[in-house]
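Undergrad: Just so it is clear, I am handing over target-v3.cif, which has mmCIF, C-alpha atoms and all ligand atoms.
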data_run
loop_
_atom_site.label_atom_id
_atom_site.label_comp_id
_atom_site.auth_asym_id
_atom_site.auth_seq_id
_atom_site.Cartn_x
_atom_site.Cartn_y
_atom_site.Cartn_z
CA MET A 1 -141.57 158.29 30.44
CA GLU A 2 -139.65 158.60 27.20
CA PHE A 3 -136.59 159.61 29.18
CA LEU A 4 -136.84 156.56 31.47
CA LYS A 5 -137.13 154.23 28.51
CA LYS A 6 -133.99 155.68 26.92
CA ARG A 7 -132.12 155.23 30.16
CA SER A 8 -133.10 151.62 30.55
CA ILE A 9 -132.11 150.86 26.98
CA LYS A 10 -128.77 152.47 27.64
CA SER A 11 -128.13 150.49 30.82
CA PHE A 12 -129.24 147.31 29.07
CA LEU A 13 -126.72 147.96 26.32
CA ILE A 14 -123.95 148.64 28.82
CA PHE A 15 -124.81 145.45 30.69
CA THR A 16 -124.75 143.38 27.49
CA LEU A 17 -121.45 144.89 26.41
CA THR A 18 -119.91 144.13 29.82
CA MET A 19 -121.04 140.50 29.60
CA VAL A 20 -119.62 140.13 26.10
CA ILE A 21 -116.28 141.57 27.20
CA ALA A 22 -116.21 139.33 30.28
CA THR A 23 -116.91 136.28 28.11
CA ILE A 24 -114.15 137.21 25.68
CA MET A 25 -111.70 137.76 28.52
CA THR A 26 -112.32 134.37 30.12
CA ALA A 27 -112.64 132.48 26.82
CA GLY A 28 -109.00 131.40 26.90
CA TYR A 29 -109.40 129.60 30.21
CA SER A 30 -110.77 126.13 30.57
CA LYS A 31 -113.09 124.98 33.33
CA ALA A 32 -110.18 123.35 35.15
CA GLU A 33 -108.29 126.60 35.30
CA ILE A 34 -111.26 128.58 36.49
CA SER A 35 -112.19 126.04 39.16
CA TYR A 36 -108.57 125.99 40.26
CA GLN A 37 -108.63 129.75 40.49
CA LYS A 38 -111.67 129.50 42.72
CA VAL A 39 -109.87 127.13 45.07
CA LYS A 40 -107.02 129.60 45.64
CA SER A 41 -105.08 127.10 47.69
CA LYS A 42 -102.78 128.84 50.11
CA THR A 43 -101.08 125.67 51.31
CA SER A 44 -99.14 124.80 48.16
CA MET A 45 -95.89 126.69 47.76
CA ILE A 46 -94.94 125.46 44.30
CA TYR A 47 -97.01 126.51 41.35
CA TYR A 48 -96.61 125.73 37.66
CA THR A 49 -96.99 127.97 34.65
CA THR A 50 -100.03 126.98 32.57
CA GLN A 51 -98.49 128.12 29.28
CA THR A 52 -95.59 130.13 27.86
CA ILE A 53 -95.64 133.41 29.74
CA PRO A 54 -93.59 136.60 29.93
CA LEU A 55 -91.50 137.31 32.99
CA TYR A 56 -91.71 141.01 33.80
CA LYS A 57 -89.00 143.06 35.42
CA SER A 58 -91.32 144.68 37.93
CA ILE A 59 -94.87 144.89 39.22
CA LYS A 60 -95.76 147.47 36.57
CA GLY A 61 -94.43 148.44 33.20
CA LYS A 62 -93.75 146.69 29.92
CA ASP A 63 -90.18 145.51 30.54
CA ILE A 64 -90.02 141.79 29.83
CA ILE A 65 -86.88 140.02 31.02
CA GLY A 66 -87.66 136.60 29.58
CA PHE A 67 -90.18 133.87 28.88
CA LEU A 68 -91.13 130.92 31.05
CA THR A 69 -92.05 127.65 29.33
CA PRO A 70 -95.26 125.76 30.27
CA ALA A 71 -95.24 123.63 33.46
CA THR A 72 -92.28 125.50 34.92
CA PRO A 73 -92.22 125.35 38.73
CA VAL A 74 -92.27 128.80 40.32
CA THR A 75 -92.04 129.84 43.96
CA LEU A 76 -94.41 132.58 45.07
CA LEU A 77 -92.77 135.57 46.71
CA SER A 78 -95.89 137.68 47.01
CA PRO A 79 -99.46 136.73 47.93
CA LEU A 80 -101.32 134.74 45.31
CA ASN A 81 -103.51 137.06 43.34
CA ILE A 82 -105.32 135.28 40.57
CA SER A 83 -106.42 138.27 38.58
CA LYS A 84 -105.10 138.80 35.09
CA LYS A 85 -104.35 142.44 35.81
CA ASN A 86 -102.28 141.87 38.93
CA ARG A 87 -98.76 140.62 38.83
CA ILE A 88 -97.22 138.39 41.44
CA LYS A 89 -93.58 138.12 42.35
CA ILE A 90 -92.01 134.75 41.75
CA SER A 91 -88.64 133.07 41.58
CA VAL A 92 -87.44 130.28 39.33
CA ASN A 93 -84.65 127.95 40.32
CA GLY A 94 -82.63 126.00 37.82
CA TRP A 95 -79.30 125.44 36.16
CA SER A 96 -77.59 126.93 33.15
CA PHE A 97 -74.39 126.45 31.24
CA LYS A 98 -71.90 129.04 32.39
CA GLU A 99 -71.14 129.66 28.69
CA ALA A 100 -74.81 130.21 27.81
CA PRO A 101 -76.33 131.99 30.79
CA SER A 102 -79.58 133.07 29.14
CA VAL A 103 -81.18 129.62 29.21
CA VAL A 104 -82.22 128.15 32.55
CA TYR A 105 -82.77 124.38 32.67
CA TYR A 106 -84.54 122.03 35.05
CA ALA A 107 -81.44 120.44 36.56
CA LEU A 108 -77.73 119.99 36.03
CA GLY A 109 -77.41 117.92 32.85
CA GLU A 110 -81.19 117.79 32.39
CA ARG A 111 -81.79 120.18 29.52
CA ILE A 112 -85.47 120.86 30.01
CA ILE A 113 -85.85 124.58 29.39
CA LEU A 114 -87.63 126.50 32.16
CA LEU A 115 -86.76 130.05 31.22
CA ARG A 116 -85.23 131.95 28.36
CA LEU A 117 -83.81 135.24 29.55
CA SER A 118 -83.36 138.23 27.27
CA GLN A 119 -79.72 139.01 26.55
CA ASN A 120 -79.94 142.26 28.49
CA ALA A 121 -81.45 140.52 31.53
CA ILE A 122 -78.61 138.15 32.35
CA SER A 123 -77.81 140.28 35.39
CA ASN A 124 -81.16 139.26 36.87
CA ARG A 125 -79.68 135.84 37.64
CA ILE A 126 -78.32 135.12 41.07
CA VAL A 127 -75.70 132.38 40.92
CA LEU A 128 -76.01 130.05 43.90
CA LYS A 129 -73.26 127.59 43.04
CA GLU A 130 -71.08 126.20 40.30
CA LYS A 131 -70.51 122.58 39.32
CA LYS A 132 -68.75 120.66 36.56
CA ASP A 133 -70.48 117.81 34.77
CA SER A 134 -68.77 114.63 33.56
CA TYR A 135 -68.15 116.21 30.13
CA GLY A 136 -66.21 119.05 31.72
CA ASN A 137 -68.92 121.70 31.20
CA THR A 138 -69.40 124.19 33.99
CA TRP A 139 -72.96 124.63 35.18
CA GLU A 140 -74.34 127.33 37.43
CA GLN A 141 -77.25 126.86 39.77
CA VAL A 142 -79.26 130.04 39.46
CA LYS A 143 -82.26 131.80 40.83
CA VAL A 144 -84.17 134.38 38.81
CA THR A 145 -86.77 136.68 40.30
CA GLY A 146 -89.44 138.57 38.41
CA TRP A 147 -93.15 139.22 38.06
CA ILE A 148 -95.82 137.27 36.22
CA LYS A 149 -99.53 137.70 35.62
CA GLY A 150 -101.53 136.28 38.49
CA ASN A 151 -103.74 134.10 36.34
CA SER A 152 -100.96 132.18 34.59
CA ILE A 153 -100.15 129.53 37.20
CA THR A 154 -101.74 126.44 38.73
CA ASN A 155 -100.87 124.29 41.73
CA ASN A 156 -101.98 121.24 39.79
CA ILE A 157 -99.31 120.20 37.30
CA SER A 158 -101.65 117.55 35.87
CA TYR A 159 -103.75 120.35 34.48
CA VAL A 160 -100.85 121.44 32.24
CA MET A 161 -99.73 117.89 31.48
CA ASP A 162 -103.24 116.82 30.44
CA LYS A 163 -103.47 119.78 28.09
CA ALA A 164 -100.13 118.75 26.55
CA ARG A 165 -100.97 115.04 26.40
CA LYS A 166 -104.16 115.74 24.46
CA ILE A 167 -102.19 117.60 21.76
CA TYR A 168 -99.58 114.84 21.63
CA GLU A 169 -102.20 112.08 21.35
CA ALA A 170 -104.24 113.88 18.72
CA ARG A 171 -101.44 115.23 16.56
CA CYS A 172 -98.60 112.73 16.86
CA SER A 173 -100.59 109.70 15.77
CA ALA A 174 -101.55 110.94 12.31
CA CYS A 175 -98.72 109.25 10.38
CA HIS A 176 -97.46 106.52 12.72
CA ALA A 177 -98.35 104.87 16.00
CA LEU A 178 -97.77 107.18 18.99
CA ARG A 179 -94.13 107.03 19.94
CA PRO A 180 -93.92 106.80 23.73
CA PRO A 181 -92.07 109.54 25.65
CA LYS A 182 -89.76 106.89 27.11
CA MET A 183 -88.31 106.28 23.66
CA PHE A 184 -85.79 109.06 24.24
CA THR A 185 -84.18 110.95 27.11
CA ALA A 186 -85.17 114.49 28.04
CA ASN A 187 -82.06 115.77 26.28
CA GLN A 188 -82.80 113.86 23.07
CA TRP A 189 -86.44 114.88 22.62
CA PRO A 190 -86.04 118.53 21.53
CA SER A 191 -84.11 117.68 18.35
CA VAL A 192 -86.51 114.83 17.45
CA LEU A 193 -89.42 117.19 18.00
CA GLU A 194 -87.93 119.91 15.80
CA THR A 195 -88.87 117.84 12.75
CA MET A 196 -91.96 116.20 14.19
CA ALA A 197 -93.56 119.45 15.36
CA LYS A 198 -93.26 120.64 11.76
CA ASN A 199 -94.75 117.35 10.52
CA ALA A 200 -97.67 117.78 12.88
CA ALA A 201 -97.97 121.51 12.05
CA LEU A 202 -97.93 122.44 15.75
CA ASN A 203 -98.03 126.13 16.56
CA PRO A 204 -95.26 127.43 18.86
CA GLU A 205 -97.34 127.01 22.02
CA GLN A 206 -98.48 123.49 21.12
CA LYS A 207 -94.87 122.62 20.39
CA ALA A 208 -93.71 124.04 23.73
CA LEU A 209 -96.33 121.94 25.53
CA VAL A 210 -95.49 118.73 23.68
CA VAL A 211 -91.74 119.24 24.20
CA LYS A 212 -92.33 119.70 27.94
CA TYR A 213 -94.63 116.68 28.11
CA MET A 214 -92.18 114.37 26.33
CA GLN A 215 -89.27 115.59 28.44
CA MET A 216 -91.08 115.26 31.77
CA HIS A 217 -92.02 111.67 30.91
CA ALA A 218 -88.79 110.81 29.14
CA LYS A 219 -86.48 107.88 29.64
CA GLY A 220 -84.49 108.24 32.86
CA PHE A 221 -86.06 111.55 33.87
CA VAL A 222 -85.19 112.04 37.51
CA GLY A 223 -88.01 114.39 38.39
CA ARG A 224 -90.67 112.00 37.17
CA ASN A 225 -92.28 111.72 40.61
CA VAL A 226 -93.68 115.23 40.27
CA VAL A 227 -95.82 114.32 37.25
CA LYS A 228 -98.31 111.52 36.88
C1 LIG A 301 -96.83 114.12 8.76
C2 LIG A 301 -96.54 112.83 9.36
C3 LIG A 301 -95.99 112.80 10.78
C4 LIG A 301 -96.51 113.39 11.90
C5 LIG A 301 -97.77 114.22 12.04
C6 LIG A 301 -95.60 113.04 12.98
N1 LIG A 301 -94.60 112.25 12.53
FE1 LIG A 301 -93.18 111.36 13.65
N2 LIG A 301 -92.39 110.48 11.99
C7 LIG A 301 -92.88 110.63 10.71
C8 LIG A 301 -92.01 109.89 9.80
C9 LIG A 301 -92.19 109.81 8.28
C10 LIG A 301 -91.03 109.25 10.58
C11 LIG A 301 -89.88 108.35 10.11
C12 LIG A 301 -88.80 109.11 9.44
C13 LIG A 301 -88.07 110.04 10.36
O1 LIG A 301 -87.50 109.59 11.35
O2 LIG A 301 -88.08 111.26 10.05
C14 LIG A 301 -91.29 109.66 11.96
C15 LIG A 301 -90.53 109.26 13.03
C16 LIG A 301 -90.78 109.62 14.34
C17 LIG A 301 -89.98 109.19 15.45
C18 LIG A 301 -88.77 108.30 15.38
C19 LIG A 301 -87.54 109.17 15.17
C20 LIG A 301 -86.26 108.41 15.31
O3 LIG A 301 -85.22 109.10 15.26
O4 LIG A 301 -86.26 107.20 15.44
C21 LIG A 301 -90.52 109.73 16.57
C22 LIG A 301 -90.04 109.58 17.98
C23 LIG A 301 -91.64 110.53 16.15
N3 LIG A 301 -91.79 110.42 14.78
C24 LIG A 301 -92.43 111.27 17.00
C25 LIG A 301 -93.45 112.11 16.59
C26 LIG A 301 -94.15 113.00 17.45
C27 LIG A 301 -93.89 113.17 18.94
C28 LIG A 301 -95.07 113.65 16.70
C29 LIG A 301 -96.02 114.75 17.13
C30 LIG A 301 -95.41 115.99 17.48
C31 LIG A 301 -94.95 113.12 15.34
N4 LIG A 301 -93.96 112.21 15.31
C32 LIG A 301 -95.75 113.50 14.28
C33 LIG A 301 -93.98 111.35 10.34
C34 LIG A 301 -94.79 112.08 11.18
#
Kindly return the structure encoded in the file as structure tokens.

TA:
Amino acid sequence: MEFLKKRSIKSFLIFTLTMVIATIMTAGYSKAEISYQKVKSKTSMIYYTTQTIPLYKSIKGKDIIGFLTPATPVTLLSPLNISKKNRIKISVNGWSFKEAPSVVYYALGERIILLRLSQNAISNRIVLKEKKDSYGNTWEQVKVTGWIKGNSITNNISYVMDKARKIYEARCSACHALRPPKMFTANQWPSVLETMAKNAALNPEQKALVVKYMQMHAKGFVGRNVVK
């Protein structure tokens, strides 16, 4: 009898501990993310990063070859596996200055950062073509392949944009009326936001989200049809 009681106390404790750990592990994810993860749509090919995430060199191991910014479109190269533990293979397509190959941008001339590669990972880029812009700069269209955690993407870009818009609305209206994203072009926003992110005391992730939000809704942004 005494023995049985001890056992049941032990299994109760283990159960409670497991629940606490599970709660802590999912605490960072909102309802939207979790419900998305339940949907597991297999039809959508393009997914978007939900936050700043590391790009790993391979399926296992600690080697990080760069960091993807939030709302970066990625193409899945391995089956979608939404677990935090499993990595999925993805590729990112974009453009970079030939002179500064570690930064991959959204489009030629559209300096919305998608990926910052580590200096020693430049060789992970595959150059698809080369083009000169009207200023005489040479751009390279590149593709970078790597591995990311399975739970760091969504097929619903509005999920990421809404998260960013909430920060912008709450934090950028403290000293003046909200300045609309269309006030500047995608290339102009980063320098304006250098000062303003400090004013608003944004942490690096909040800043990354607001920069992306302003750029993707900026004056003359060509890719605007992908965001609402
Ligand atoms: C602590 C107060 C404060 C906060 C918070 C703040 N700003 Fe400002 N902002 C200012 C001041 C002061 C000016 C005018 C002087 C200047 O341009 O630096 C300004 C000017 C601006 C301008 C006009 C710049 C130009 O060159 O015409 C924009 C755009 C702007 N803010 C956007 C933002 C955004 C976006 C955020 C949120 C990330 C933000 N601000 C948060 C104080 C603030």

Undergrad: Report as a tab-separated table: every residue of chain A with an atom at most 12 Å from ligand LIG 301 (chain A), its closest pair of atoms, and their distance in Å to one decimal, counting all atoms listed in the file, with rows sorted by chain and ascending residue number.

TA:
residue	atom	partner	partner_atom	distance
A:Ala164	CA	A:LIG301	C30	10.6
A:Arg165	CA	A:LIG301	C27	10.5
A:Lys166	CA	A:LIG301	C29	11.0
A:Ile167	CA	A:LIG301	C30	8.2
A:Tyr168	CA	A:LIG301	C29	5.7
A:Glu169	CA	A:LIG301	C29	7.9
A:Ala170	CA	A:LIG301	C29	8.4
A:Arg171	CA	A:LIG301	C29	5.5
A:Cys172	CA	A:LIG301	C29	3.3
A:Ser173	CA	A:LIG301	C32	6.3
A:Ala174	CA	A:LIG301	C5	5.0
A:Cys175	CA	A:LIG301	C2	4.3
A:His176	CA	A:LIG301	C34	6.4
A:Ala177	CA	A:LIG301	N4	8.6
A:Leu178	CA	A:LIG301	C25	7.0
A:Arg179	CA	A:LIG301	C22	5.2
A:Pro180	CA	A:LIG301	C22	7.5
A:Pro181	CA	A:LIG301	C27	7.8
A:Lys182	CA	A:LIG301	C22	9.5
A:Met183	CA	A:LIG301	C22	6.8
A:Phe184	CA	A:LIG301	C22	7.6
A:Thr185	CA	A:LIG301	C22	10.9
A:Gln188	CA	A:LIG301	O3	9.5
A:Trp189	CA	A:LIG301	C22	7.9
A:Pro190	CA	A:LIG301	C27	9.9
A:Ser191	CA	A:LIG301	O3	9.2
A:Val192	CA	A:LIG301	C19	6.2
A:Leu193	CA	A:LIG301	C27	6.1
A:Glu194	CA	A:LIG301	C30	8.6
A:Thr195	CA	A:LIG301	O2	7.2
A:Met196	CA	A:LIG301	C31	4.4
A:Ala197	CA	A:LIG301	C30	4.5
A:Lys198	CA	A:LIG301	C30	7.7
A:Asn199	CA	A:LIG301	C1	4.2
A:Ala200	CA	A:LIG301	C5	3.7
A:Ala201	CA	A:LIG301	C5	7.3
A:Leu202	CA	A:LIG301	C30	7.1
A:Asn203	CA	A:LIG301	C30	10.5
A:Pro204	CA	A:LIG301	C30	11.5
A:Gln206	CA	A:LIG301	C30	8.9
A:Lys207	CA	A:LIG301	C30	7.3
A:Ala208	CA	A:LIG301	C30	10.3
A:Leu209	CA	A:LIG301	C30	10.1
A:Val210	CA	A:LIG301	C30	6.8
A:Val211	CA	A:LIG301	C27	8.3
A:Lys212	CA	A:LIG301	C27	11.2
A:Tyr213	CA	A:LIG301	C27	9.8
A:Met214	CA	A:LIG301	C27	7.7
A:Gln215	CA	A:LIG301	C27	10.8
A:Ala218	CA	A:LIG301	C22	11.3

Undergrad: Looking at all atoms listed in the file, which of A:Gly61, A:Gln141, A:Thr69, A:Thr154 is the one that sits closest to Ile46 of chain A?

TA: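 Closest to Ile46 of chain A of all the choices is A:Thr154.
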
Undergrad: Using atom CA of His217 of chain A and atom CA of Ile112 of chain A as the two end points, give the distance in Å to one decimal.

TA: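 Distance between the two atoms: 11.3 Å.
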
Undergrad: Tell me which protein, DNA and RNA residues are within 7 Å of segment 90-94 of chain A, counting only C-alpha atoms, leaving out same-chain ones fewer than 2 positions away, and put them as a tab-separated table (two decimals) with C-alpha atoms, in the coordinates of the input.

TA:
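The resulting selection-v4.tsv:
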chain	number	residue	atom	x	y	z
A	73	PRO	CA	-92.22	125.35	38.73
A	74	VAL	CA	-92.27	128.80	40.32
A	75	THR	CA	-92.04	129.84	43.96
A	76	LEU	CA	-94.41	132.58	45.07
A	77	LEU	CA	-92.77	135.57	46.71
A	88	ILE	CA	-97.22	138.39	41.44
A	96	SER	CA	-77.59	126.93	33.15
A	104	VAL	CA	-82.22	128.15	32.55
A	105	TYR	CA	-82.77	124.38	32.67
A	106	TYR	CA	-84.54	122.03	35.05
A	107	ALA	CA	-81.44	120.44	36.56
A	141	GLN	CA	-77.25	126.86	39.77
A	142	VAL	CA	-79.26	130.04	39.46
A	143	LYS	CA	-82.26	131.80	40.83
A	144	VAL	CA	-84.17	134.38	38.81
A	145	THR	CA	-86.77	136.68	40.30
A	146	GLY	CA	-89.44	138.57	38.41
A	147	TRP	CA	-93.15	139.22	38.06

Undergrad: Scan for residues within 6 Å of the point (-95.4, 127.2, 37.2) in the coordinates of the file, using all atoms listed in the file, and reply as a count of residues only.

TA: 8

Undergrad: Using only C-alpha atoms, give me every residue within 12 Å of (-71.1, 116.9, 35.4) in file coordinates, as an MDAnalysis selection string.

TA: chainID A and resid 95 97 107:110 130:140

Undergrad: Nearest residue to Lys60 of chain A out of A:Val103, A:Ile148, A:Val127, A:Ala186, using only C-alpha atoms?

TA: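 Of A:Val103, A:Ile148, A:Val127, A:Ala186, the one nearest Lys60 of chain A, counting only C-alpha atoms, is A:Ile148.
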
Undergrad: If I take atom CA of Leu117 of chain A and atom CA of Lys219 of chain A, how far is one from the other in Å, to one decimal?

TA: 27.5 Å

Undergrad: Could you give me the axis-aligned bounding box of segment 48-62 of chain A, with 8 Å of padding per side, as centre plus edge lengths in Å to one decimal, as JSON?

TA:
{"center_x": -94.5, "center_y": 137.1, "center_z": 33.5, "size_x": 27.0, "size_y": 38.7, "size_z": 27.4}

Undergrad: With only C-alpha atoms as the basis for distance, which of A:Asn81, A:Ser11, A:Ser158, A:Thr52 is at the shortest distance from Gly66 of chain A?

TA: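 Among the listed residues, the smallest separation from Gly66 of chain A belongs to A:Thr52.
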
Undergrad: I'd like the neighbourhood of Ile122 of chain A as a ChimeraX atom specification, where a residue qualifies if any of its atoms comes within 8 Å (using all atoms listed in the file), though same-chain residues fewer than 3 positions away should be ignored.

TA: /A:101-102,117-119,125

Undergrad: Between atom CA of Arg116 of chain A and atom CA of Leu80 of chain A, what distance in Å does the model show, to one decimal?

TA: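 Computing it gives 23.5 Å between the two atoms.
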
Undergrad: Please complete segment 196-211 of chain A with N, CA and C atoms and give it back as a PDB file, in the frame of the given file.

TA:
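Result file is rebuild.pdb:
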ATOM      1  N   MET A 196     -90.621 116.741  14.022  1.00  0.00           N
ATOM      2  CA  MET A 196     -91.960 116.200  14.190  1.00  0.00           C
ATOM      3  C   MET A 196     -93.012 117.285  14.456  1.00  0.00           C
ATOM      4  N   ALA A 197     -92.619 118.353  15.124  1.00  0.00           N
ATOM      5  CA  ALA A 197     -93.560 119.450  15.360  1.00  0.00           C
ATOM      6  C   ALA A 197     -93.943 120.085  14.027  1.00  0.00           C
ATOM      7  N   LYS A 198     -92.963 120.120  13.112  1.00  0.00           N
ATOM      8  CA  LYS A 198     -93.260 120.640  11.760  1.00  0.00           C
ATOM      9  C   LYS A 198     -94.197 119.672  11.042  1.00  0.00           C
ATOM     10  N   ASN A 199     -93.875 118.369  11.136  1.00  0.00           N
ATOM     11  CA  ASN A 199     -94.750 117.350  10.520  1.00  0.00           C
ATOM     12  C   ASN A 199     -96.186 117.497  11.000  1.00  0.00           C
ATOM     13  N   ALA A 200     -96.330 117.718  12.295  1.00  0.00           N
ATOM     14  CA  ALA A 200     -97.670 117.780  12.880  1.00  0.00           C
ATOM     15  C   ALA A 200     -98.268 119.180  12.805  1.00  0.00           C
ATOM     16  N   ALA A 201     -97.531 120.115  12.194  1.00  0.00           N
ATOM     17  CA  ALA A 201     -97.970 121.510  12.050  1.00  0.00           C
ATOM     18  C   ALA A 201     -98.414 122.117  13.382  1.00  0.00           C
ATOM     19  N   LEU A 202     -97.604 121.866  14.439  1.00  0.00           N
ATOM     20  CA  LEU A 202     -97.930 122.440  15.750  1.00  0.00           C
ATOM     21  C   LEU A 202     -97.581 123.924  15.743  1.00  0.00           C
ATOM     22  N   ASN A 203     -98.407 124.722  16.393  1.00  0.00           N
ATOM     23  CA  ASN A 203     -98.030 126.130  16.560  1.00  0.00           C
ATOM     24  C   ASN A 203     -97.004 126.223  17.686  1.00  0.00           C
ATOM     25  N   PRO A 204     -96.337 127.364  17.860  1.00  0.00           N
ATOM     26  CA  PRO A 204     -95.260 127.430  18.860  1.00  0.00           C
ATOM     27  C   PRO A 204     -95.686 127.012  20.273  1.00  0.00           C
ATOM     28  N   GLU A 205     -96.887 127.364  20.672  1.00  0.00           N
ATOM     29  CA  GLU A 205     -97.340 127.010  22.020  1.00  0.00           C
ATOM     30  C   GLU A 205     -97.617 125.514  22.138  1.00  0.00           C
ATOM     31  N   GLN A 206     -98.232 124.937  21.101  1.00  0.00           N
ATOM     32  CA  GLN A 206     -98.480 123.490  21.120  1.00  0.00           C
ATOM     33  C   GLN A 206     -97.152 122.739  21.152  1.00  0.00           C
ATOM     34  N   LYS A 207     -96.190 123.243  20.404  1.00  0.00           N
ATOM     35  CA  LYS A 207     -94.870 122.620  20.390  1.00  0.00           C
ATOM     36  C   LYS A 207     -94.226 122.692  21.769  1.00  0.00           C
ATOM     37  N   ALA A 208     -94.308 123.860  22.396  1.00  0.00           N
ATOM     38  CA  ALA A 208     -93.710 124.040  23.730  1.00  0.00           C
ATOM     39  C   ALA A 208     -94.329 123.059  24.725  1.00  0.00           C
ATOM     40  N   LEU A 209     -95.642 122.863  24.630  1.00  0.00           N
ATOM     41  CA  LEU A 209     -96.330 121.940  25.530  1.00  0.00           C
ATOM     42  C   LEU A 209     -95.911 120.488  25.275  1.00  0.00           C
ATOM     43  N   VAL A 210     -95.849 120.114  24.005  1.00  0.00           N
ATOM     44  CA  VAL A 210     -95.490 118.730  23.680  1.00  0.00           C
ATOM     45  C   VAL A 210     -94.026 118.445  24.072  1.00  0.00           C
ATOM     46  N   VAL A 211     -93.142 119.415  23.800  1.00  0.00           N
ATOM     47  CA  VAL A 211     -91.740 119.240  24.200  1.00  0.00           C
ATOM     48  C   VAL A 211     -91.666 118.999  25.708  1.00  0.00           C
TER      49      VAL A 211
END
